[in-house]
Amino acid sequence: MSFDLTSRPWLPVQRDDGTQDELSLREVFAEAGALRRLVGDLPTQEFALLRLLLAVAHDALDGPGDHENWSELWADQGCFEPVAGYLDDHRERFDLLHPVAPFFQVAGLRTARDEVFSLNRIVADVPNGEPFFSSRQPTVRRLDFAEAARWVVHAHAYDTSGIKTGVAGDDRARGGKVYPLGVGWAGTLGGVFAEGDTLRETLLLNLIASDATDAIGPLRGDDRPAWRRPQSGPGPGAAGGRRPTGVRDLYTWQTRRLRLHFDAEGAHGVVLGYGDPLPAHTMRGSEPMTAWRRSRAQEKKRGEALVYLPREHDPSRSAWRGLAALIANRAEAAGGSEAPLMLRPGVFEWIGRLVTEGALRPGFLIRARVVGPVYGTQQSVIDEIVDDRLTMAVVLLHERDRAYARQAIGAVSDADDAVRALGDLATDLARASGGDQEGPRATARDLGFGALDGPYRAWLGRVAEVGDPYEHRRTWQREAYRVVAGLGDQLMADAGDAAWQGRIVEAKYGPGQGGKQGAGQGGKHGGNQGGKQGGLWLNSALADQWFRGRLGKALSDPYSDRPPGPVPAPVPDRAPESSPRVPV
């Protein structure tokens, strides 16, 4: 039996006309210019399959070597023609059912008791106790070979952690079990890649030249994908702690050992064990498809000067709110400290070089795609998956013209500060009425960010069209003021009679630091008198007065003639969203 991935359809794609299809590896590269994108059963599967295609492209083209070589590929509509011959040369290693070297598997892999497990172990969208919210039934009894191949690739990238049954020949097994060694490598990342208008553009935008050492680091040896390496055995590689030699090796890294059990109709079981883990703290400079955050805790623990870990996605934050992590260069991310607090993804370092050196025009639009799982219960299950896109012009990545990027980052800070002011208003109104404060505050913040989401994305998409980035930011501040002020009016209208009447609260409570300013502004409302007695009269009128002052300050008084406020240094992780800014 055979299932040749180079010629049999198994990769799900979306065509330019919106229809979906399944294609072989050969067909995907031949038709890449007419395809919109990969689709996958889950967004994480699309990410894993894209990395597989990139490994094929890098190896088949043996490059690109530099940005000039890349520019030649970008201009050549037939740039992927060499892939067909390459796939012919390595066709045997792309056979999913090969008896000796099955694709991304270990032939003869078995447990000591010859157990065969449910395909649930590799299919990530099987629900945990909630079958009504998925097209999957509680168990997966059978997969056709095309779908089985996709989940094999996904398992190496995103398989969960936890205790796994030991396989025969793996010295790490104790009592028939191997204790947790972590999730698949891609599962540790806040996955990021650049999308173009076609799959061809997407592949090329993420095809980083070997001389771009600021994006992918220097090669550590002969960089080869898994199918050009000796077949893996049941345990870790012979080199033990071997690190990837380059992106071809990394994108096909064998983090698991698995073997499908099948018959003529498809796969019906699997044996799954741990493969070659990668320690995250050693991978900065090697992995280009994630942002990085500096970890002082790990620096202290390991006694190392600098430790960077992958910056995972926060499912509560839209992609635009983390824009600084995607576009801030090292100087901006350092914020005056001795080392950057975060590092943008290597793929965006590469695209920044392309636009700086003229290989891409500044107004060229890409979609920054962010994909990643959120694991739960000691990383033994996938709770949810983050999937978002942010359209932006590549001028934001230009190394010598940083004005656009800084104003775009500043506009995100404007939004954060404006929404914080809205949350403060909700807190003030709740306090004036004597009700719970944290619930209304969190609800108001969610409302604020939700209302600004569409306007910010539209504003960012027009950045390259304007001549003055500073005036463009002022335009944003006016729009943000209009939106958030309107939400404040809505909160005021919904506050009710109790907030309108108000009550005495502690004198230190007020706008910003409260105290002195709050008591002074509270004059007509009993503020001065209350201040002498250790309290002030807070009602909805005073709360609204404070809100307008906070909002104007947050947005640099957007209707004045003064330039926008300074751009604050980005930080890798903000304080918890629910923490009140006004002391109580």
# chains A, B, ... in the order shown; residues from 1 in each chain; ligands from 1
>>> closest_atom_pairs(of="stretch 370-488 of chain A", to="stretch 536-547 of chain A", cutoff="8 Å", atoms="only C-alpha atoms", output="CSV")
residue,atom,partner,partner_atom,distance
A:Ala421,CA,A:Phe547,CA,6.3
A:Leu422,CA,A:Phe547,CA,7.1
A:Asp424,CA,A:Phe547,CA,7.4
A:Leu425,CA,A:Phe547,CA,5.8
A:Asp428,CA,A:Ala543,CA,5.7
A:Leu429,CA,A:Ser540,CA,5.9
A:Arg431,CA,A:Leu538,CA,7.9
A:Ala432,CA,A:Asn539,CA,5.1
A:Ser433,CA,A:Asn539,CA,7.7
A:Gly488,CA,A:Asp544,CA,7.9
>>> write_last_selection(atoms="C-alpha atoms", output="JSON list (two decimals), in the first residue's frame")
[["chain", "number", "residue", "atom", "x", "y", "z"],
["A", 421, "ALA", "CA", -10.38, 56.20, 31.15],
["A", 422, "LEU", "CA", -13.66, 54.52, 30.18],
["A", 424, "ASP", "CA", -12.32, 54.43, 35.37],
["A", 425, "LEU", "CA", -15.68, 56.03, 34.56],
["A", 428, "ASP", "CA", -16.62, 55.82, 39.47],
["A", 429, "LEU", "CA", -20.27, 55.31, 38.55],
["A", 431, "ARG", "CA", -18.77, 53.55, 43.46],
["A", 432, "ALA", "CA", -21.18, 56.49, 43.35],
["A", 433, "SER", "CA", -24.10, 54.07, 43.41],
["A", 488, "GLY", "CA", -19.06, 57.26, 28.17]]
>>> select_by_dssp(residues="stretch 133-347 of chain A", states="strand (DSSP E)", output="PyMOL selection string")
chain A and resi 164-165+177-178+191-195+256-263+266-274+292-294+308-310+342-343
>>> residues_around(residues="A:Arg242", least_positions_apart="3", cutoff="12 Å", atoms="only C-alpha atoms", output="PyMOL selection string")
chain A and resi 220-221+236-239+245-246+249-250+253-254+276-279+282-283
>>> closest_atom_pairs(of="stretch 379-428 of chain A", to="stretch 459-470 of chain A", cutoff="7 Å", atoms="only C-alpha atoms", output="CSV")
residue,atom,partner,partner_atom,distance
A:Thr391,CA,A:Gly461,CA,5.9
A:Met392,CA,A:Gly461,CA,5.2
A:Ala393,CA,A:Ala464,CA,6.1
A:Val395,CA,A:Ala464,CA,6.8
A:Ala403,CA,A:Pro469,CA,6.6
A:Tyr404,CA,A:Pro469,CA,5.5
A:Gln407,CA,A:Pro469,CA,6.5
>>> select_by_dssp(residues="stretch 306-426 of chain A", states="alpha helix (DSSP H)", output="JSON, numbers by chain")
{"A": [323, 324, 325, 326, 327, 330, 331, 332, 333, 334, 346, 347, 348, 349, 350, 351, 352, 353, 354, 355, 356, 403, 404, 405, 406, 407, 408, 409, 410, 411, 412, 413, 414, 415, 416, 417, 418, 419, 420, 421, 422, 423, 424, 425, 426]}
>>> atom_distance(atom1="atom CA of A:Ala333", atom2="atom CA of A:Gly552")
26.7 Å
>>> residues_around(residues="stretch 11-27 of chain A", least_positions_apart="4", cutoff="8 Å", atoms="only C-alpha atoms", output="MDAnalysis selection string")
chainID A and resid 5:7 31 34:40 83:84 87 146 150 198
